Amino acid sequence: MARITFLGAAGVVSGSRHLLESGGSRVLFDCGLFQGEKRLRQRNWEPLGVPPASVDAVVLTHAHIDHSGWLPRLVREGFRGPIHATPATIDLLDLLLYDSAKCQAEDAAYANRKGYAAHRPALPLYEERDVAAALERVSPVERGRWFQPAGGVRCRFHDAGHMLGSGFAEVEVAAGDRSVRILFSGDVGRYDAPLYHDPAPPPACDYLVCESTYGDRDHSPDRPLDELEGVVNEAVARGGMMLVAAFAVGRAQQLVYLLRTLMAAGRIPELPVWIDSPMAVEATAIFRRHAAEHDFSEARMAGVAEAAVSPFVRMAKTAAESKAINHHEGPGIVIASSGMMNGGRILHHLARRLPDPNTTVIVAGFQAKGTRGRKLLDRADSLRIHGRDIPVRAAVRQIDAFSGHADRAELGRWLAGMPAPRTTFLVHGEPPAARGMADFLRSTRGWTCELPTIGQVFDLPAHPTS
Ligand SMILES: [Zn+2]
């Protein structure tokens with residue numbers, strides 16, 4: 001009988017790792033890093049739960065680190081199978097995993113310098129050579145094409161509309177004279193999202209493993225373009241700089257695309273835009289390479305679509321170019337990572353400009369508990385940056401429409417045509433969000449839902465057991 005073990009992203013929004021076992025085959029769906037609070041990050045040091053060498057294959061729904069960032073560690077600990085993902089996911093993986101290794105090295109060096117390492121000396125979770133070893137194991141597969149990650153298990157990706165390359169995984173597991181169908185949603189994107197297609201309709205399944213990041217709320221009904229227009233014009237009136245903490249891969253490209261669209265339409269003034277992230281520059285090149293994947297339906301003006309993925313804005317690659325932005329008094333827009341303000345160049349911009357009441361900080365994505373981004377949204381008076389408490393006098397605005405995740409209503413829309421699965425497992429949500437989604441599916445559809453915890457195992461019988 002097939003069975004599933006939730007090894008991560010159960011009751012939390014990071015560390016996505018779901019192990020499917022059947023007839024001696026073991027396939028791991030996603031292999032993410034735990035992020036956010038320290039108690040979660042410490043989980044990255046714990047073993048997977050089964051010996052990595054015993055896992056036949058990994059199926060990766062998309063390149064975000066909370067779904068892919070533990071792969072180098074998995075390989076370091078003995079995994080020797082293929083990692084199946086779409087070609088665009090694989091291109092992004094190269095960028096994201098090397099960046100992650102760099103962050104691990106920086107964290108370890110910082111901990112050693114400050115002397116707060118739990119292990120002495122503090123070691124990185126993995127290194128560049130582990131990333132190289134993981135990337136040797138990738139196996140590209142186009143969406144819609146069936147592949148066999150392990151004996152008795154076949155699988156194909158469908159467009160999840162969540163980020164470049166993203167795909168939810170449809171799985172069939174042989175079970176005697178019939179099969180069990182399981183759907184792993186990965187992260188589900190939004191409808192009418194800039195640059196991305198709508199999520200493809202999900203096929204029927206016996207068991208559904210569904211994300212629930214925003215399972216207890218609905219995003220603002222405003223479209224990203226309208227919301228951005230309002231926030232930018234308000235910030236321009238305030239006169240200072242706009243700091244946008246944005247993930248370098250995906251969000252930065254969406255922002256540039258929408259800003260160009262608004263400027264071309266005369267809805268916001270022509271403003272200088274800096275992309276202060278070497279990684280965003282590289283990601284933009286990958287977006288260009290996979291331009292056929294994009295949905296440019298929002299582009300009403302000729303040339304805007306092209307501008308969206310071309311480096312027309314001022315790119316700050318070097319630290320000196322980044323520091324030069326400090327001399328600009330605004331209005332202007334700085335897009336820098338990291339998206340949750342845990343690190344990256346956004347920090348030195350925040351340290352310099354948060355005390356200035358003319359500054360506007362734009363928060364444009366999910367902010368996990370314990371992150372600086374969440375603290376700003378919760379109206380913190382000050383933020384600790386590089387060992388100093390920086391007073392917050394800047395205006396903080398959230399652009400909801402930029403979330404890469406479907407909200408409750410959109411998940412409902414995505415699942416609308418699907419016959420009730422036997423069980424729906426709600427993962428990748430903080431407990432109130434996962435509960436909210438479960439209540440919604442139970443009350444509106446009568447679906448049977450489970451909210452797994454980390455380590456929990458469920459049998460997936462082919463026939464109803466009752
Ligand atoms: Zn994601």
# chains A, B, ... in the order shown; residues from 1 in each chain; ligands from 1
>>> select_by_dssp(residues="stretch 94-341 of chain A", states="alpha helix (DSSP H)", output="ChimeraX atom specification")
/A:94-114,128-135,224-238,251-264,278-289,304-308,319-324
>>> residues_around(residues="stretch 421-428 of chain A", least_positions_apart="2", cutoff="8 Å", atoms="only C-alpha atoms", output="compact mmCIF listing (two decimals) with all heavy atoms, in the first residue's frame")
# COMPACT_ATOMS: atom_id res chain seq x y z
N ALA A 9 7.19 21.23 6.21
CA ALA A 9 6.06 22.07 5.74
C ALA A 9 4.70 21.55 6.25
O ALA A 9 3.70 21.68 5.56
CB ALA A 9 6.05 22.20 4.22
N ALA A 10 4.71 20.97 7.43
CA ALA A 10 3.45 20.53 8.04
C ALA A 10 3.25 21.37 9.29
O ALA A 10 4.02 21.25 10.24
CB ALA A 10 3.53 19.04 8.38
N GLY A 11 2.28 22.28 9.23
CA GLY A 11 2.10 23.24 10.32
C GLY A 11 3.03 24.44 10.20
O GLY A 11 3.00 25.33 11.04
N VAL A 12 3.85 24.47 9.18
CA VAL A 12 4.74 25.60 8.90
C VAL A 12 4.80 25.82 7.39
O VAL A 12 4.33 24.99 6.62
CB VAL A 12 6.19 25.36 9.43
CG1 VAL A 12 6.21 25.29 10.94
CG2 VAL A 12 6.79 24.11 8.84
N VAL A 13 5.38 26.97 6.99
CA VAL A 13 5.39 27.27 5.55
C VAL A 13 6.75 27.04 4.91
O VAL A 13 7.00 27.52 3.81
CB VAL A 13 4.97 28.73 5.26
CG1 VAL A 13 3.52 28.96 5.56
CG2 VAL A 13 5.85 29.71 6.01
N SER A 14 7.62 26.31 5.56
CA SER A 14 8.90 26.05 4.90
C SER A 14 9.30 24.60 5.14
O SER A 14 8.64 23.87 5.85
CB SER A 14 9.97 27.02 5.43
OG SER A 14 10.15 26.84 6.81
N SER A 16 9.44 22.15 2.81
CA SER A 16 8.55 21.21 2.10
C SER A 16 9.29 19.92 1.77
O SER A 16 10.26 19.93 1.02
CB SER A 16 8.06 21.84 0.79
OG SER A 16 6.94 22.63 1.03
N ALA A 204 -8.45 15.04 -11.45
CA ALA A 204 -9.02 14.34 -10.29
C ALA A 204 -7.95 13.49 -9.62
O ALA A 204 -7.01 13.03 -10.27
CB ALA A 204 -10.17 13.46 -10.75
N CYS A 205 -8.08 13.30 -8.31
CA CYS A 205 -7.11 12.47 -7.61
C CYS A 205 -7.79 11.78 -6.42
O CYS A 205 -8.87 12.19 -6.00
CB CYS A 205 -5.93 13.31 -7.13
SG CYS A 205 -6.40 14.59 -5.97
N ASP A 206 -7.13 10.76 -5.89
CA ASP A 206 -7.63 10.10 -4.69
C ASP A 206 -7.19 10.85 -3.44
O ASP A 206 -7.92 10.92 -2.46
CB ASP A 206 -7.11 8.66 -4.63
CG ASP A 206 -7.56 7.85 -5.83
OD1 ASP A 206 -8.79 7.74 -6.03
OD2 ASP A 206 -6.70 7.36 -6.61
N TYR A 207 -5.95 11.37 -3.49
CA TYR A 207 -5.40 12.08 -2.34
C TYR A 207 -4.76 13.37 -2.83
O TYR A 207 -4.04 13.37 -3.82
CB TYR A 207 -4.35 11.22 -1.61
CG TYR A 207 -4.94 9.92 -1.12
CD1 TYR A 207 -4.83 8.75 -1.87
CD2 TYR A 207 -5.64 9.88 0.09
CE1 TYR A 207 -5.40 7.57 -1.43
CE2 TYR A 207 -6.21 8.70 0.53
CZ TYR A 207 -6.09 7.54 -0.24
OH TYR A 207 -6.66 6.38 0.19
N LEU A 208 -5.06 14.43 -2.10
CA LEU A 208 -4.53 15.74 -2.49
C LEU A 208 -3.65 16.28 -1.36
O LEU A 208 -4.07 16.30 -0.20
CB LEU A 208 -5.70 16.69 -2.75
CG LEU A 208 -5.37 18.18 -2.94
CD1 LEU A 208 -4.56 18.40 -4.22
CD2 LEU A 208 -6.67 19.00 -3.00
N VAL A 209 -2.45 16.68 -1.72
CA VAL A 209 -1.57 17.37 -0.76
C VAL A 209 -1.51 18.82 -1.22
O VAL A 209 -0.95 19.12 -2.27
CB VAL A 209 -0.15 16.74 -0.75
CG1 VAL A 209 0.76 17.49 0.22
CG2 VAL A 209 -0.22 15.27 -0.40
N CYS A 210 -2.17 19.69 -0.46
CA CYS A 210 -2.40 21.05 -0.96
C CYS A 210 -1.79 22.09 -0.02
O CYS A 210 -1.91 22.00 1.19
CB CYS A 210 -3.90 21.29 -1.09
SG CYS A 210 -4.30 22.86 -1.89
N GLU A 211 -1.16 23.08 -0.62
CA GLU A 211 -0.61 24.18 0.20
C GLU A 211 -1.74 25.00 0.81
O GLU A 211 -2.89 24.97 0.33
CB GLU A 211 0.29 25.07 -0.66
CG GLU A 211 -0.45 25.94 -1.66
CD GLU A 211 -0.04 27.40 -1.60
OE1 GLU A 211 0.14 27.92 -0.47
OE2 GLU A 211 0.11 28.02 -2.66
N SER A 212 -1.44 25.75 1.86
CA SER A 212 -2.48 26.55 2.51
C SER A 212 -1.88 27.84 3.10
O SER A 212 -2.36 28.32 4.11
CB SER A 212 -3.17 25.73 3.60
OG SER A 212 -2.21 25.29 4.56
N THR A 213 -0.84 28.36 2.42
CA THR A 213 -0.15 29.55 2.94
C THR A 213 -1.14 30.65 3.35
O THR A 213 -1.02 31.25 4.41
CB THR A 213 0.81 30.11 1.87
OG1 THR A 213 1.54 29.03 1.31
CG2 THR A 213 1.75 31.15 2.46
N MET A 418 -12.78 19.92 -9.29
CA MET A 418 -12.23 18.62 -8.89
C MET A 418 -13.23 17.84 -8.05
O MET A 418 -13.76 18.37 -7.08
CB MET A 418 -10.95 18.87 -8.07
CG MET A 418 -10.25 17.58 -7.68
SD MET A 418 -8.99 17.89 -6.43
CE MET A 418 -7.55 17.96 -7.43
N PRO A 419 -13.47 16.57 -8.41
CA PRO A 419 -14.30 15.75 -7.52
C PRO A 419 -13.59 15.58 -6.18
O PRO A 419 -12.37 15.64 -6.14
CB PRO A 419 -14.41 14.41 -8.25
CG PRO A 419 -13.60 14.50 -9.48
CD PRO A 419 -12.93 15.83 -9.55
N GLU A 430 0.85 28.11 8.23
CA GLU A 430 0.91 28.18 9.68
C GLU A 430 -0.44 27.66 10.19
O GLU A 430 -1.43 27.69 9.45
CB GLU A 430 1.21 29.63 10.11
CG GLU A 430 2.67 29.98 9.80
CD GLU A 430 3.05 31.44 10.01
OE1 GLU A 430 2.18 32.24 10.42
OE2 GLU A 430 4.21 31.78 9.74
N ALA A 434 -3.80 26.76 7.80
CA ALA A 434 -4.16 25.39 7.41
C ALA A 434 -5.56 25.04 7.93
O ALA A 434 -6.38 24.44 7.22
CB ALA A 434 -3.12 24.40 7.95
N MET A 437 -8.24 26.79 5.84
CA MET A 437 -8.48 26.15 4.55
C MET A 437 -9.29 24.87 4.76
O MET A 437 -10.20 24.55 3.97
CB MET A 437 -7.14 25.84 3.87
CG MET A 437 -7.26 25.53 2.39
SD MET A 437 -7.87 26.95 1.46
CE MET A 437 -8.78 26.12 0.16
N ALA A 438 -8.97 24.13 5.82
CA ALA A 438 -9.71 22.90 6.12
C ALA A 438 -11.17 23.23 6.39
O ALA A 438 -12.08 22.57 5.85
CB ALA A 438 -9.09 22.19 7.32
N TRP A 447 -15.47 18.20 2.05
CA TRP A 447 -14.28 17.39 1.85
C TRP A 447 -13.71 16.91 3.19
O TRP A 447 -13.87 17.57 4.22
CB TRP A 447 -13.18 18.18 1.12
CG TRP A 447 -13.45 18.34 -0.35
CD1 TRP A 447 -14.63 18.14 -0.99
CD2 TRP A 447 -12.52 18.76 -1.34
NE1 TRP A 447 -14.50 18.40 -2.33
CE2 TRP A 447 -13.21 18.78 -2.58
CE3 TRP A 447 -11.17 19.11 -1.33
CZ2 TRP A 447 -12.60 19.15 -3.78
CZ3 TRP A 447 -10.56 19.48 -2.52
CH2 TRP A 447 -11.26 19.49 -3.74
N THR A 448 -13.01 15.78 3.14
CA THR A 448 -12.31 15.26 4.31
C THR A 448 -10.89 15.81 4.30
O THR A 448 -10.16 15.60 3.34
CB THR A 448 -12.27 13.72 4.25
OG1 THR A 448 -13.62 13.25 4.16
CG2 THR A 448 -11.59 13.13 5.48
N CYS A 449 -10.54 16.50 5.37
CA CYS A 449 -9.23 17.15 5.42
C CYS A 449 -8.41 16.66 6.60
O CYS A 449 -8.96 16.36 7.66
CB CYS A 449 -9.37 18.66 5.52
SG CYS A 449 -10.21 19.39 4.11
N GLU A 450 -7.12 16.59 6.41
CA GLU A 450 -6.18 16.29 7.50
C GLU A 450 -5.17 17.41 7.58
O GLU A 450 -4.77 17.97 6.56
CB GLU A 450 -5.43 14.98 7.21
CG GLU A 450 -6.28 13.72 7.30
CD GLU A 450 -6.50 13.26 8.73
OE1 GLU A 450 -5.93 13.87 9.66
OE2 GLU A 450 -7.24 12.26 8.91
N LEU A 451 -4.76 17.73 8.81
CA LEU A 451 -3.70 18.72 9.00
C LEU A 451 -2.50 18.00 9.60
O LEU A 451 -2.39 17.89 10.83
CB LEU A 451 -4.18 19.84 9.93
CG LEU A 451 -5.14 20.84 9.29
CD1 LEU A 451 -6.54 20.29 9.17
CD2 LEU A 451 -5.14 22.14 10.05
N PRO A 452 -1.65 17.46 8.75
CA PRO A 452 -0.55 16.64 9.27
C PRO A 452 0.44 17.46 10.08
O PRO A 452 0.56 18.67 9.89
CB PRO A 452 0.11 16.08 8.01
CG PRO A 452 -0.31 16.97 6.90
CD PRO A 452 -1.62 17.58 7.29
>>> closest_atom_pairs(of="chain A", to="ligand 1", cutoff="8 Å", atoms="only C-alpha atoms and all ligand atoms", output="JSON lines")
{"residue": "A:His62", "atom": "CA", "partner": "ligand 1", "partner_atom_place_in_ligand_line": "1 (Zn)", "distance": 6.6}
{"residue": "A:Ala63", "atom": "CA", "partner": "ligand 1", "partner_atom_place_in_ligand_line": "1 (Zn)", "distance": 7.3}
{"residue": "A:His64", "atom": "CA", "partner": "ligand 1", "partner_atom_place_in_ligand_line": "1 (Zn)", "distance": 4.9}
{"residue": "A:Ile65", "atom": "CA", "partner": "ligand 1", "partner_atom_place_in_ligand_line": "1 (Zn)", "distance": 7.8}
{"residue": "A:Asp66", "atom": "CA", "partner": "ligand 1", "partner_atom_place_in_ligand_line": "1 (Zn)", "distance": 7.0}
{"residue": "A:His67", "atom": "CA", "partner": "ligand 1", "partner_atom_place_in_ligand_line": "1 (Zn)", "distance": 6.9}
{"residue": "A:His162", "atom": "CA", "partner": "ligand 1", "partner_atom_place_in_ligand_line": "1 (Zn)", "distance": 6.6}
{"residue": "A:Met163", "atom": "CA", "partner": "ligand 1", "partner_atom_place_in_ligand_line": "1 (Zn)", "distance": 7.1}
{"residue": "A:Gly186", "atom": "CA", "partner": "ligand 1", "partner_atom_place_in_ligand_line": "1 (Zn)", "distance": 7.4}
{"residue": "A:Asp187", "atom": "CA", "partner": "ligand 1", "partner_atom_place_in_ligand_line": "1 (Zn)", "distance": 5.1}
{"residue": "A:Val188", "atom": "CA", "partner": "ligand 1", "partner_atom_place_in_ligand_line": "1 (Zn)", "distance": 8.0}
{"residue": "A:Gly404", "atom": "CA", "partner": "ligand 1", "partner_atom_place_in_ligand_line": "1 (Zn)", "distance": 7.2}
{"residue": "A:His405", "atom": "CA", "partner": "ligand 1", "partner_atom_place_in_ligand_line": "1 (Zn)", "distance": 7.6}
>>> residues_around(residues="A:Arg143", least_positions_apart="6", cutoff="12 Å", atoms="only C-alpha atoms", output="list in words")
Thr61, His62, His84, Ala85, Thr86, Pro87, Ala88, Thr89, Cys155, Arg156, Phe157, His158, Asp159, Ala160, Gly165, Ser166, Gly167, Phe168, Ala169, Glu170, Ala200 and Glu293 of chain A
>>> write_last_selection(atoms="C-alpha atoms", output="compact mmCIF listing (two decimals), in the first residue's frame")
# COMPACT_ATOMS: atom_id res chain seq x y z
CA THR A 61 7.71 21.37 -7.92
CA HIS A 62 9.66 24.65 -8.17
CA HIS A 84 13.22 15.69 -11.69
CA ALA A 85 12.13 19.25 -12.45
CA THR A 86 11.14 21.44 -15.39
CA PRO A 87 13.94 23.04 -17.46
CA ALA A 88 13.23 26.55 -16.14
CA THR A 89 13.20 25.27 -12.55
CA CYS A 155 4.35 11.47 -12.57
CA ARG A 156 3.85 14.59 -14.65
CA PHE A 157 3.96 18.34 -14.03
CA HIS A 158 1.23 20.90 -14.79
CA ASP A 159 1.68 24.67 -14.75
CA ALA A 160 1.14 25.95 -11.19
CA GLY A 165 9.07 26.81 -14.11
CA SER A 166 6.63 25.91 -11.33
CA GLY A 167 4.58 22.76 -11.69
CA PHE A 168 2.20 20.82 -9.51
CA ALA A 169 2.79 17.09 -9.65
CA GLU A 170 0.20 14.52 -10.71
CA ALA A 200 -3.76 24.85 -14.81
CA GLU A 293 6.65 30.67 -20.54
>>> closest_residue(among="A:Gly429, A:Pro72, A:Pro278, A:Pro202", to="A:Gly8", atoms="only C-alpha atoms")
A:Gly429
>>> atom_distance(atom1="atom CA of A:Ala409", atom2="atom CA of A:Leu441")
10.6 Å
>>> residues_around(residues="A:Ala132", least_positions_apart="6", cutoff="12 Å", atoms="only C-alpha atoms", output="ChimeraX atom specification")
/A:71-73,75-76,93-95,97-98,101,126,138
>>> residues_around(residues="stretch 327-329 of chain A", least_positions_apart="3", cutoff="8 Å", atoms="only C-alpha atoms", output="list in words")
Gly240, Met241, Lys323, Ala324 and Gly332 of chain A
>>> select_by_dssp(residues="stretch 324-452 of chain A", states="strand (DSSP E or B)", output="list in words")
Gly332, Ile333, Val334, Ile335, Ala336, Thr360, Val361, Ile362, Val363, Ser382, Leu383, Arg384, Ile385, Arg388, Asp389, Ile390, Pro391, Ala395, Val396, Arg397, Gln398, Asp407, Thr423, Thr424, Phe425, Leu426, Val427, Cys449 and Glu450 of chain A
>>> write_last_selection(atoms="N, CA, C and O atoms", output="CSV table (one decimal), in the first residue's frame")
chain,number,residue,atom,x,y,z
A,332,GLY,N,12.5,57.8,-5.9
A,332,GLY,CA,13.1,56.8,-6.7
A,332,GLY,C,12.8,55.5,-6.1
A,332,GLY,O,12.3,55.4,-4.9
A,333,ILE,N,13.1,54.4,-6.8
A,333,ILE,CA,12.6,53.1,-6.3
A,333,ILE,C,13.9,52.2,-6.2
A,333,ILE,O,14.6,52.0,-7.2
A,334,VAL,N,14.1,51.6,-5.1
A,334,VAL,CA,15.2,50.6,-4.9
A,334,VAL,C,14.5,49.2,-4.7
A,334,VAL,O,13.8,49.1,-3.7
A,335,ILE,N,14.8,48.3,-5.6
A,335,ILE,CA,14.3,46.9,-5.4
A,335,ILE,C,15.5,46.1,-5.0
A,335,ILE,O,16.5,46.1,-5.7
A,336,ALA,N,15.5,45.5,-3.8
A,336,ALA,CA,16.6,44.7,-3.3
A,336,ALA,C,16.1,43.5,-2.5
A,336,ALA,O,15.0,43.6,-2.0
A,360,THR,N,9.3,55.4,2.0
A,360,THR,CA,8.2,54.4,2.0
A,360,THR,C,8.8,53.0,1.8
A,360,THR,O,9.6,52.8,0.9
A,361,VAL,N,8.5,52.1,2.7
A,361,VAL,CA,9.0,50.7,2.5
A,361,VAL,C,7.8,49.9,2.0
A,361,VAL,O,6.7,50.0,2.6
A,362,ILE,N,8.0,49.3,0.9
A,362,ILE,CA,6.9,48.5,0.3
A,362,ILE,C,7.2,47.0,0.5
A,362,ILE,O,8.3,46.5,0.2
A,363,VAL,N,6.3,46.4,1.2
A,363,VAL,CA,6.4,44.9,1.5
A,363,VAL,C,5.6,44.2,0.5
A,363,VAL,O,4.4,44.4,0.4
A,382,SER,N,11.2,49.9,16.1
A,382,SER,CA,12.6,49.9,15.6
A,382,SER,C,12.9,48.5,15.1
A,382,SER,O,12.2,47.5,15.4
A,383,LEU,N,13.9,48.4,14.3
A,383,LEU,CA,14.3,47.1,13.8
A,383,LEU,C,15.8,47.0,14.1
A,383,LEU,O,16.6,47.9,14.0
A,384,ARG,N,16.2,45.8,14.5
A,384,ARG,CA,17.6,45.5,14.7
A,384,ARG,C,18.3,45.1,13.4
A,384,ARG,O,17.9,44.1,12.8
A,385,ILE,N,19.3,45.9,13.0
A,385,ILE,CA,20.0,45.7,11.7
A,385,ILE,C,21.5,45.8,12.0
A,385,ILE,O,21.9,46.9,12.5
A,388,ARG,N,22.5,47.1,15.4
A,388,ARG,CA,22.0,48.4,15.9
A,388,ARG,C,20.5,48.4,15.8
A,388,ARG,O,19.8,47.8,14.9
A,389,ASP,N,19.8,49.2,16.8
A,389,ASP,CA,18.4,49.4,16.7
A,389,ASP,C,18.1,50.6,15.9
A,389,ASP,O,18.5,51.7,16.2
A,390,ILE,N,17.4,50.4,14.8
A,390,ILE,CA,17.2,51.5,13.8
A,390,ILE,C,15.7,51.9,14.0
A,390,ILE,O,14.8,51.1,13.9
A,391,PRO,N,15.5,53.2,14.4
A,391,PRO,CA,14.1,53.6,14.6
A,391,PRO,C,13.3,53.6,13.3
A,391,PRO,O,13.9,53.9,12.2
A,395,ALA,N,7.1,55.3,6.3
A,395,ALA,CA,5.8,54.6,6.0
A,395,ALA,C,6.0,53.2,5.5
A,395,ALA,O,6.9,53.0,4.8
A,396,VAL,N,5.2,52.3,6.0
A,396,VAL,CA,5.3,50.9,5.5
A,396,VAL,C,4.0,50.5,4.8
A,396,VAL,O,2.9,50.7,5.4
A,397,ARG,N,4.1,50.1,3.6
A,397,ARG,CA,2.9,49.7,2.8
A,397,ARG,C,3.0,48.3,2.3
A,397,ARG,O,4.1,47.9,1.8
A,398,GLN,N,1.9,47.6,2.4
A,398,GLN,CA,2.0,46.2,1.9
A,398,GLN,C,1.2,46.1,0.6
A,398,GLN,O,0.1,46.7,0.5
A,407,ASP,N,-4.9,32.8,-2.6
A,407,ASP,CA,-5.5,33.0,-1.3
A,407,ASP,C,-6.6,31.9,-1.2
A,407,ASP,O,-6.8,31.0,-2.1
A,423,THR,N,-9.0,12.1,0.7
A,423,THR,CA,-8.5,12.9,1.8
A,423,THR,C,-7.7,14.0,1.2
A,423,THR,O,-6.9,13.8,0.2
A,424,THR,N,-7.8,15.2,1.8
A,424,THR,CA,-7.0,16.4,1.4
A,424,THR,C,-6.1,16.7,2.6
A,424,THR,O,-6.6,16.9,3.7
A,425,PHE,N,-4.8,16.6,2.3
A,425,PHE,CA,-3.8,17.0,3.4
A,425,PHE,C,-3.4,18.4,3.2
A,425,PHE,O,-2.9,18.8,2.1
A,426,LEU,N,-3.6,19.3,4.2
A,426,LEU,CA,-3.3,20.7,4.1
A,426,LEU,C,-1.9,20.9,4.7
A,426,LEU,O,-1.7,20.7,5.9
A,427,VAL,N,-1.0,21.4,3.8
A,427,VAL,CA,0.4,21.6,4.3
A,427,VAL,C,0.8,23.0,4.0
A,427,VAL,O,0.0,23.8,3.4
A,449,CYS,N,-10.5,16.5,5.4
A,449,CYS,CA,-9.2,17.1,5.4
A,449,CYS,C,-8.4,16.7,6.6
A,449,CYS,O,-9.0,16.4,7.7
A,450,GLU,N,-7.1,16.6,6.4
A,450,GLU,CA,-6.2,16.3,7.5
A,450,GLU,C,-5.2,17.4,7.6
A,450,GLU,O,-4.8,18.0,6.6
>>> closest_atom_pairs(of="stretch 184-203 of chain A", to="stretch 399-402 of chain A", cutoff="10 Å", atoms="only C-alpha atoms", output="JSON lines")
{"residue": "A:Arg190", "atom": "CA", "partner": "A:Ala401", "partner_atom": "CA", "distance": 9.0}
{"residue": "A:Ala193", "atom": "CA", "partner": "A:Phe402", "partner_atom": "CA", "distance": 8.0}
{"residue": "A:Pro194", "atom": "CA", "partner": "A:Phe402", "partner_atom": "CA", "distance": 8.7}
>>> closest_atom_pairs(of="stretch 180-266 of chain A", to="stretch 285-290 of chain A", cutoff="9 Å", atoms="only C-alpha atoms", output="tab-separated table")
residue	atom	partner	partner_atom	distance
A:Val249	CA	A:Phe287	CA	8.9
A:Gly250	CA	A:Phe287	CA	8.3
A:Gln253	CA	A:Phe287	CA	8.1
